[in-house]
file input.cif (mmCIF, C-alpha atoms)
data_upload
#
loop_
_atom_site.label_atom_id
_atom_site.label_comp_id
_atom_site.auth_asym_id
_atom_site.auth_seq_id
_atom_site.Cartn_x
_atom_site.Cartn_y
_atom_site.Cartn_z
CA GLY A 556 -4.23 -3.24 6.63
CA LEU A 557 -7.43 -1.35 7.39
CA THR A 558 -6.81 1.24 4.67
CA ALA A 559 -6.27 -1.47 2.07
CA TYR A 560 -9.26 -3.48 3.31
CA PHE A 561 -11.80 -0.66 3.19
CA GLY A 562 -10.38 1.05 0.12
CA LEU A 563 -10.56 -2.08 -1.97
CA ARG A 564 -13.75 -3.62 -0.60
CA ARG A 565 -15.94 -0.61 0.08
CA VAL A 566 -14.70 1.86 -2.54
CA GLY A 567 -13.33 -0.44 -5.26
CA GLU A 568 -16.21 -2.93 -4.90
CA PRO A 569 -14.45 -5.72 -6.81
CA ASN A 570 -16.39 -8.52 -8.48
CA ASP A 571 -15.36 -12.09 -9.22
CA GLY A 572 -12.96 -12.19 -12.15
CA ASP A 573 -12.14 -8.46 -12.11
CA THR A 574 -8.75 -7.19 -13.18
CA VAL A 575 -7.23 -5.01 -10.46
CA LEU A 576 -4.34 -2.56 -10.85
CA ILE A 577 -2.45 -1.35 -7.77
CA SER A 578 0.30 1.27 -7.57
CA GLY A 579 2.91 1.08 -4.83
CA ALA A 580 2.13 -2.63 -4.69
CA ALA A 581 5.18 -3.52 -2.59
CA GLY A 582 4.26 -1.01 0.11
CA ALA A 583 2.34 -1.71 3.31
CA THR A 584 -1.04 -0.68 1.90
CA GLY A 585 -0.57 -1.79 -1.70
CA SER A 586 0.59 -5.31 -0.86
CA VAL A 587 -2.38 -5.91 1.43
CA ALA A 588 -4.81 -4.48 -1.13
CA ALA A 589 -3.41 -6.86 -3.75
CA GLN A 590 -3.90 -9.88 -1.50
CA VAL A 591 -7.40 -8.82 -0.47
CA ALA A 592 -8.26 -8.59 -4.16
CA LYS A 593 -7.17 -12.19 -4.65
CA ILE A 594 -9.04 -13.35 -1.56
CA MET A 595 -12.17 -11.72 -2.95
CA GLY A 596 -11.89 -13.70 -6.17
CA CYS A 597 -10.48 -11.15 -8.60
CA GLY A 598 -9.19 -12.74 -11.78
CA LYS A 599 -5.92 -10.86 -12.24
CA VAL A 600 -3.95 -8.51 -9.98
CA ILE A 601 -1.35 -6.21 -11.52
CA GLY A 602 1.03 -4.20 -9.36
CA THR A 603 3.63 -1.53 -10.02
CA ALA A 604 6.85 -1.10 -8.06
CA GLY A 605 10.15 0.70 -8.52
CA THR A 606 12.82 -2.03 -8.29
CA GLU A 607 13.41 -5.49 -9.73
CA GLU A 608 13.76 -6.83 -6.18
CA LYS A 609 10.29 -5.60 -5.25
CA CYS A 610 8.79 -6.99 -8.43
CA ARG A 611 10.36 -10.40 -7.79
CA TRP A 612 9.06 -10.38 -4.21
CA LEU A 613 5.55 -9.54 -5.41
CA GLU A 614 5.46 -12.30 -8.02
CA GLU A 615 7.36 -15.00 -6.12
CA ASN A 616 5.06 -14.62 -3.12
CA ARG A 617 2.01 -14.54 -5.41
CA ILE A 618 0.95 -11.18 -4.07
CA VAL A 619 0.31 -10.07 -7.65
CA ASP A 620 0.05 -11.97 -10.92
CA VAL A 621 2.05 -9.41 -12.88
CA ALA A 622 4.51 -6.89 -11.44
CA ILE A 623 5.61 -3.90 -13.53
CA ASN A 624 8.82 -2.04 -12.74
CA TYR A 625 7.81 1.46 -13.74
CA LYS A 626 11.45 2.59 -13.66
CA ARG A 627 12.59 0.00 -16.21
CA LEU A 628 10.04 -0.02 -19.00
CA GLY A 629 12.53 -0.16 -21.87
CA ASN A 630 11.01 1.38 -24.98
CA LYS A 631 7.46 0.99 -23.67
CA SER A 632 5.29 3.52 -21.89
CA LEU A 633 3.73 2.69 -18.55
CA SER A 634 0.33 2.84 -20.21
CA ARG A 635 1.33 0.25 -22.79
CA SER A 636 2.84 -2.02 -20.13
CA ILE A 637 -0.42 -1.91 -18.18
CA ARG A 638 -2.42 -2.59 -21.35
CA GLU A 639 -0.33 -5.65 -22.18
CA ALA A 640 -0.71 -6.99 -18.64
CA ALA A 641 -4.44 -6.30 -18.36
CA GLY A 642 -5.49 -7.42 -21.80
CA PRO A 643 -7.92 -5.81 -24.25
CA LYS A 644 -10.82 -5.49 -21.80
CA GLY A 645 -8.86 -3.17 -19.50
CA VAL A 646 -8.80 -2.68 -15.74
CA ASN A 647 -11.92 -2.94 -13.58
CA VAL A 648 -10.48 -1.57 -10.32
CA VAL A 649 -7.56 0.82 -9.83
CA PHE A 650 -6.16 1.25 -6.31
CA ASP A 651 -3.89 4.28 -6.51
CA ASN A 652 -1.31 5.23 -3.89
CA VAL A 653 0.91 7.25 -6.23
CA GLY A 654 -0.97 9.69 -8.50
CA GLY A 655 0.86 11.62 -11.21
CA SER A 656 1.92 9.70 -14.30
CA PHE A 657 0.65 6.41 -12.89
CA LEU A 658 -2.88 7.76 -12.58
CA GLU A 659 -2.79 8.97 -16.17
CA ALA A 660 -1.60 5.58 -17.38
CA ALA A 661 -4.30 3.85 -15.36
CA LEU A 662 -7.06 6.09 -16.71
CA SER A 663 -5.93 5.19 -20.23
CA ASN A 664 -6.67 1.52 -19.53
CA LEU A 665 -10.05 1.51 -17.83
CA ALA A 666 -12.70 -1.08 -18.52
CA ARG A 667 -16.25 0.10 -18.90
CA GLY A 668 -17.72 0.82 -15.46
CA ALA A 669 -14.31 0.79 -13.76
CA ARG A 670 -13.79 2.10 -10.22
CA VAL A 671 -10.73 4.18 -9.38
CA VAL A 672 -9.84 4.27 -5.68
CA LEU A 673 -7.81 7.30 -4.60
CA CYS A 674 -5.87 6.21 -1.53
CA GLY A 675 -2.87 8.55 -1.88
CA ALA A 676 -0.66 10.45 -4.30
CA ILE A 677 2.82 10.10 -2.88
CA SER A 678 4.48 11.18 -6.14
CA GLN A 679 2.86 14.59 -5.67
CA TYR A 680 3.71 15.22 -2.01
CA ASN A 681 6.33 17.75 -0.96
CA GLN A 682 6.90 19.25 -4.40
CA SER A 683 9.88 21.61 -4.33
CA ASN A 684 11.63 24.14 -6.53
CA GLY A 685 8.32 25.61 -7.61
CA THR A 686 7.14 22.35 -9.18
CA GLN A 687 3.37 22.20 -9.40
CA ALA A 688 1.43 19.09 -8.44
CA THR A 689 -0.05 17.59 -11.60
CA GLY A 690 -3.45 16.05 -12.20
CA PRO A 691 -4.49 13.58 -14.89
CA ARG A 692 -4.90 15.21 -18.29
CA ASN A 693 -7.04 12.35 -19.57
CA TYR A 694 -9.73 12.45 -16.88
CA MET A 695 -12.39 12.54 -19.61
CA ASN A 696 -11.80 8.82 -20.03
CA LEU A 697 -13.88 8.47 -16.87
CA LEU A 698 -16.81 9.77 -18.88
CA VAL A 699 -16.11 7.67 -21.96
CA LYS A 700 -15.79 4.48 -19.90
CA ARG A 701 -18.69 5.34 -17.56
CA ALA A 702 -16.18 4.96 -14.74
CA SER A 703 -15.98 6.51 -11.28
CA MET A 704 -13.11 7.91 -9.23
CA LYS A 705 -13.50 8.30 -5.48
CA GLY A 706 -11.29 9.22 -2.56
CA PHE A 707 -11.66 7.96 0.99
CA VAL A 708 -10.15 8.18 4.47
CA VAL A 709 -9.94 5.06 6.61
CA PHE A 710 -11.65 6.82 9.53
CA ASP A 711 -14.82 6.91 7.43
CA TYR A 712 -15.26 3.25 8.34
CA ARG A 713 -14.26 3.28 12.02
CA LYS A 714 -17.53 1.64 13.05
CA GLU A 715 -16.51 -1.39 10.98
CA TYR A 716 -12.98 -1.76 12.34
CA GLY A 717 -13.91 -4.82 14.40
CA THR A 718 -15.12 -6.81 11.42
CA ALA A 719 -12.12 -5.77 9.32
CA ILE A 720 -9.62 -6.73 12.03
CA GLU A 721 -11.33 -10.10 12.47
CA ASP A 722 -11.15 -10.78 8.71
CA LEU A 723 -7.51 -9.70 8.40
CA THR A 724 -6.48 -11.73 11.45
CA THR A 725 -8.24 -14.82 10.11
CA TRP A 726 -6.53 -14.48 6.73
CA ILE A 727 -3.12 -14.15 8.39
CA ARG A 728 -3.75 -17.28 10.50
CA GLU A 729 -4.82 -19.16 7.38
CA ASP A 730 -1.65 -18.04 5.53
CA ARG A 731 -3.77 -16.27 2.95
CA LEU A 732 -2.35 -12.86 3.83
CA ALA A 733 1.38 -12.12 4.12
CA PHE A 734 3.06 -8.88 5.07
CA SER A 735 6.55 -7.41 4.98
CA GLU A 736 8.22 -5.00 7.38
CA HIS A 737 11.06 -2.60 6.60
CA VAL A 738 12.71 -2.27 10.02
CA VAL A 739 15.07 0.60 10.83
CA ASP A 740 16.91 0.53 14.18
CA GLY A 741 17.43 3.56 16.40
CA ILE A 742 15.42 6.68 17.10
CA GLU A 743 18.31 8.69 15.68
CA ASN A 744 17.43 7.24 12.26
CA PHE A 745 13.85 8.52 12.33
CA HIS A 746 14.40 10.96 9.46
CA SER A 747 16.06 8.45 7.14
CA ALA A 748 13.31 5.90 7.93
CA LEU A 749 10.63 8.46 7.07
CA MET A 750 12.34 9.35 3.81
CA THR A 751 12.16 5.73 2.59
CA LEU A 752 8.43 6.30 2.14
CA PHE A 753 9.14 9.01 -0.40
CA ASP A 754 12.18 7.66 -2.24
CA GLY A 755 10.72 4.18 -2.69
CA THR A 756 13.49 2.26 -0.92
CA ASN A 757 11.16 0.67 1.62
CA GLN A 758 9.45 -2.67 1.09
CA GLY A 759 6.34 -3.14 3.18
CA LYS A 760 5.47 -1.26 6.37
CA VAL A 761 8.24 0.98 7.70
CA VAL A 762 8.89 0.25 11.37
CA LEU A 763 11.24 2.33 13.51
CA ARG A 764 12.59 0.07 16.26
CA VAL A 765 13.63 2.29 19.14
CA SER A 766 15.65 -0.47 20.79
CA LYS A 767 16.09 -4.21 20.49
CA ASP A 768 14.31 -6.51 22.94
CA GLU A 769 17.33 -7.12 25.14
CA GLU A 770 18.14 -3.42 25.26
CA LEU A 771 14.55 -2.59 26.14
CA HIS A 772 14.53 -5.25 28.87
CA ALA A 773 17.72 -3.85 30.39
CA LEU A 774 16.28 -0.33 30.22
CA CYS A 775 13.10 -1.45 31.99
CA GLU A 776 15.08 -3.27 34.67
CA ASN A 777 17.17 -0.18 35.24
CA GLN A 778 14.07 1.98 35.42
CA ASN A 779 12.43 -0.41 37.90
CA GLY A 780 15.52 -0.20 40.06
CA ASN A 781 15.40 3.59 39.97
CA ASN A 782 11.73 3.54 40.93
CA GLU A 783 12.45 1.30 43.92
CA ARG A 784 15.20 3.64 45.10
CA ILE A 785 12.89 6.63 44.78
CA ARG A 786 10.11 4.89 46.72
CA SER A 787 12.53 3.94 49.52
CA LYS A 788 13.30 7.62 50.07
CA LEU A 789 9.68 8.73 50.27
#
call {"tool": "encode", "arguments": {"input": "input.cif", "output": "structure tokens"}}
result
Amino acid sequence: GLTAYFGLRRVGEPNDGDTVLISGAAGATGSVAAQVAKIMGCGKVIGTAGTEEKCRWLEENRIVDVAINYKRLGNKSLSRSIREAAGPKGVNVVFDNVGGSFLEAALSNLARGARVVLCGAISQYNQSNGTQATGPRNYMNLLVKRASMKGFVVFDYRKEYGTAIEDLTTWIREDRLAFSEHVVDGIENFHSALMTLFDGTNQGKVVLRVSKDEELHALCENQNGNNERIRSKL
């Protein structure tokens, strides 16, 4: 939540009525960023995701106003789909978790004075088989639109964590902020859980549950018994 909070508020600097575009909108960071945008009074929030299920979840829970399945565009390009969703004035704030082709499509649809927030570029991580990471070919649109593009790391704002946590907690209590967890059971499934971040099969924050509550309770009881036996021999 902190990454979404600071990235959108401090780097994106949204204004009332702004149109906001978020990649990876069904993920842990993207979904919170989308909701923070709405809380801050943005006029339209557009999100991209990779399955129909994720897009339905985003729209049905009013996390975004328009969800675009970038894997099922039909005969349209991603750029055109964004343009149709945003309208002729373009996008005021881009919150990018993906990079690659999404970033190019976003740069093609900037409003004048837009702010592009670089949070991540998961499409470019772990390139294999000699594939080179790609950058946006149309970066000159930043100049034409008098726009800015800035990266950040959440630790930059560590002195403000208290305020951010208070805001996020309040919004959750007021049912203004929802979140989703993708829970995977068993430490032996650590690798497959990690891979969901890269293949797009997760929805929300990925949580690896080492053991269920009853199993953990039994383990603790057993450990307490062992500790008592050890102390009795000292």
call {"tool": "resolve_selection", "arguments": {"input": "input.cif", "expression": "the PyMOL selection byres ((chain A and resi 653) around 8)", "output": "PyMOL selection string"}}
result
chain A and resi 578-579+651-652+654-655+657-658+675-679
call {"tool": "residues_around", "arguments": {"input": "input.cif", "residues": "range 617-632 of chain A", "least_positions_apart": "5", "cutoff": "9 Å", "atoms": "only C-alpha atoms", "output": "number ranges by chain"}}
result
A: 580-581, 586-587, 589-590, 593, 599-607, 609-612, 637, 640, 657, 660, 732-733
call {"tool": "write_last_selection", "arguments": {"input": "input.cif", "atoms": "C-alpha atoms", "output": "CSV table (one decimal), in the frame of the given file"}}
result
chain,number,residue,atom,x,y,z
A,580,ALA,CA,2.1,-2.6,-4.7
A,581,ALA,CA,5.2,-3.5,-2.6
A,586,SER,CA,0.6,-5.3,-0.9
A,587,VAL,CA,-2.4,-5.9,1.4
A,589,ALA,CA,-3.4,-6.9,-3.8
A,590,GLN,CA,-3.9,-9.9,-1.5
A,593,LYS,CA,-7.2,-12.2,-4.6
A,599,LYS,CA,-5.9,-10.9,-12.2
A,600,VAL,CA,-4.0,-8.5,-10.0
A,601,ILE,CA,-1.4,-6.2,-11.5
A,602,GLY,CA,1.0,-4.2,-9.4
A,603,THR,CA,3.6,-1.5,-10.0
A,604,ALA,CA,6.8,-1.1,-8.1
A,605,GLY,CA,10.2,0.7,-8.5
A,606,THR,CA,12.8,-2.0,-8.3
A,607,GLU,CA,13.4,-5.5,-9.7
A,609,LYS,CA,10.3,-5.6,-5.2
A,610,CYS,CA,8.8,-7.0,-8.4
A,611,ARG,CA,10.4,-10.4,-7.8
A,612,TRP,CA,9.1,-10.4,-4.2
A,637,ILE,CA,-0.4,-1.9,-18.2
A,640,ALA,CA,-0.7,-7.0,-18.6
A,657,PHE,CA,0.6,6.4,-12.9
A,660,ALA,CA,-1.6,5.6,-17.4
A,732,LEU,CA,-2.4,-12.9,3.8
A,733,ALA,CA,1.4,-12.1,4.1
call {"tool": "atom_distance", "arguments": {"input": "input.cif", "atom1": "CA of Gly562 in chain A", "atom2": "CA of Glu659 in chain A"}}
result
19.6 Å
call {"tool": "closest_atom_pairs", "arguments": {"input": "input.cif", "of": "range 589-656 of chain A", "to": "range 700-709 of chain A", "cutoff": "10 Å", "atoms": "all atoms listed in the file", "output": "CSV"}}
result
residue,atom,partner,partner_atom,distance
A:Asn647,CA,A:Ala702,CA,9.1
A:Val648,CA,A:Ala702,CA,9.7
A:Val649,CA,A:Met704,CA,9.0
A:Asp651,CA,A:Gly706,CA,9.7
call {"tool": "write_last_selection", "arguments": {"input": "input.cif", "atoms": "C-alpha atoms", "output": "compact mmCIF listing (two decimals), in the coordinates of the input"}}
result
# COMPACT_ATOMS: atom_id res chain seq x y z
CA ASN A 647 -11.92 -2.94 -13.58
CA VAL A 648 -10.48 -1.57 -10.32
CA VAL A 649 -7.56 0.82 -9.83
CA ASP A 651 -3.89 4.28 -6.51
call {"tool": "atom_distance", "arguments": {"input": "input.cif", "atom1": "CA of Ala661 in chain A", "atom2": "CA of Asn616 in chain A"}}
result
24.1 Å
call {"tool": "resolve_selection", "arguments": {"input": "input.cif", "expression": "the PyMOL selection byres ((chain A and resi 711-718) around 10)", "output": "ChimeraX atom specification"}}
result
/A:557-558,560-562,565,707-710,719-724
call {"tool": "atom_distance", "arguments": {"input": "input.cif", "atom1": "CA of Val762 in chain A", "atom2": "CA of Val672 in chain A"}}
result
25.6 Å
call {"tool": "build_atoms", "arguments": {"input": "input.cif", "residues": "range 625-644 of chain A", "atoms": "N, CA and C atoms", "output": "CSV table (one decimal), in the coordinates of the input"}}
result
chain,number,residue,atom,x,y,z
A,625,TYR,N,8.1,0.2,-13.0
A,625,TYR,CA,7.8,1.5,-13.7
A,625,TYR,C,9.1,2.3,-14.0
A,626,LYS,N,10.2,1.9,-13.4
A,626,LYS,CA,11.4,2.6,-13.7
A,626,LYS,C,12.3,1.9,-14.8
A,627,ARG,N,11.8,0.7,-15.2
A,627,ARG,CA,12.6,0.0,-16.2
A,627,ARG,C,11.6,-0.6,-17.2
A,628,LEU,N,11.1,0.3,-18.0
A,628,LEU,CA,10.0,0.0,-19.0
A,628,LEU,C,10.6,-0.3,-20.4
A,629,GLY,N,11.9,0.0,-20.5
A,629,GLY,CA,12.5,-0.2,-21.9
A,629,GLY,C,12.0,0.9,-22.8
A,630,ASN,N,11.6,0.4,-24.0
A,630,ASN,CA,11.0,1.4,-25.0
A,630,ASN,C,9.5,1.5,-24.9
A,631,LYS,N,8.9,0.9,-23.8
A,631,LYS,CA,7.5,1.0,-23.7
A,631,LYS,C,7.1,2.1,-22.7
A,632,SER,N,5.9,2.6,-22.9
A,632,SER,CA,5.3,3.5,-21.9
A,632,SER,C,4.7,2.7,-20.8
A,633,LEU,N,4.4,3.4,-19.6
A,633,LEU,CA,3.7,2.7,-18.6
A,633,LEU,C,2.3,2.3,-19.0
A,634,SER,N,1.7,3.1,-19.7
A,634,SER,CA,0.3,2.8,-20.2
A,634,SER,C,0.3,1.6,-21.0
A,635,ARG,N,1.3,1.4,-21.9
A,635,ARG,CA,1.3,0.2,-22.8
A,635,ARG,C,1.6,-1.0,-22.0
A,636,SER,N,2.5,-0.9,-21.0
A,636,SER,CA,2.8,-2.0,-20.1
A,636,SER,C,1.6,-2.5,-19.4
A,637,ILE,N,0.8,-1.6,-18.9
A,637,ILE,CA,-0.4,-1.9,-18.2
A,637,ILE,C,-1.4,-2.6,-19.1
A,638,ARG,N,-1.5,-2.0,-20.3
A,638,ARG,CA,-2.4,-2.6,-21.4
A,638,ARG,C,-2.1,-4.0,-21.7
A,639,GLU,N,-0.8,-4.3,-21.9
A,639,GLU,CA,-0.3,-5.6,-22.2
A,639,GLU,C,-0.6,-6.6,-21.0
A,640,ALA,N,-0.5,-6.1,-19.8
A,640,ALA,CA,-0.7,-7.0,-18.6
A,640,ALA,C,-2.2,-7.2,-18.4
A,641,ALA,N,-3.0,-6.2,-18.6
A,641,ALA,CA,-4.4,-6.3,-18.4
A,641,ALA,C,-5.2,-7.0,-19.5
A,642,GLY,N,-4.7,-6.9,-20.7
A,642,GLY,CA,-5.5,-7.4,-21.8
A,642,GLY,C,-6.4,-6.4,-22.4
A,643,PRO,N,-7.1,-6.8,-23.5
A,643,PRO,CA,-7.9,-5.8,-24.2
A,643,PRO,C,-9.1,-5.3,-23.5
A,644,LYS,N,-9.6,-6.0,-22.5
A,644,LYS,CA,-10.8,-5.5,-21.8
A,644,LYS,C,-10.5,-4.4,-20.8
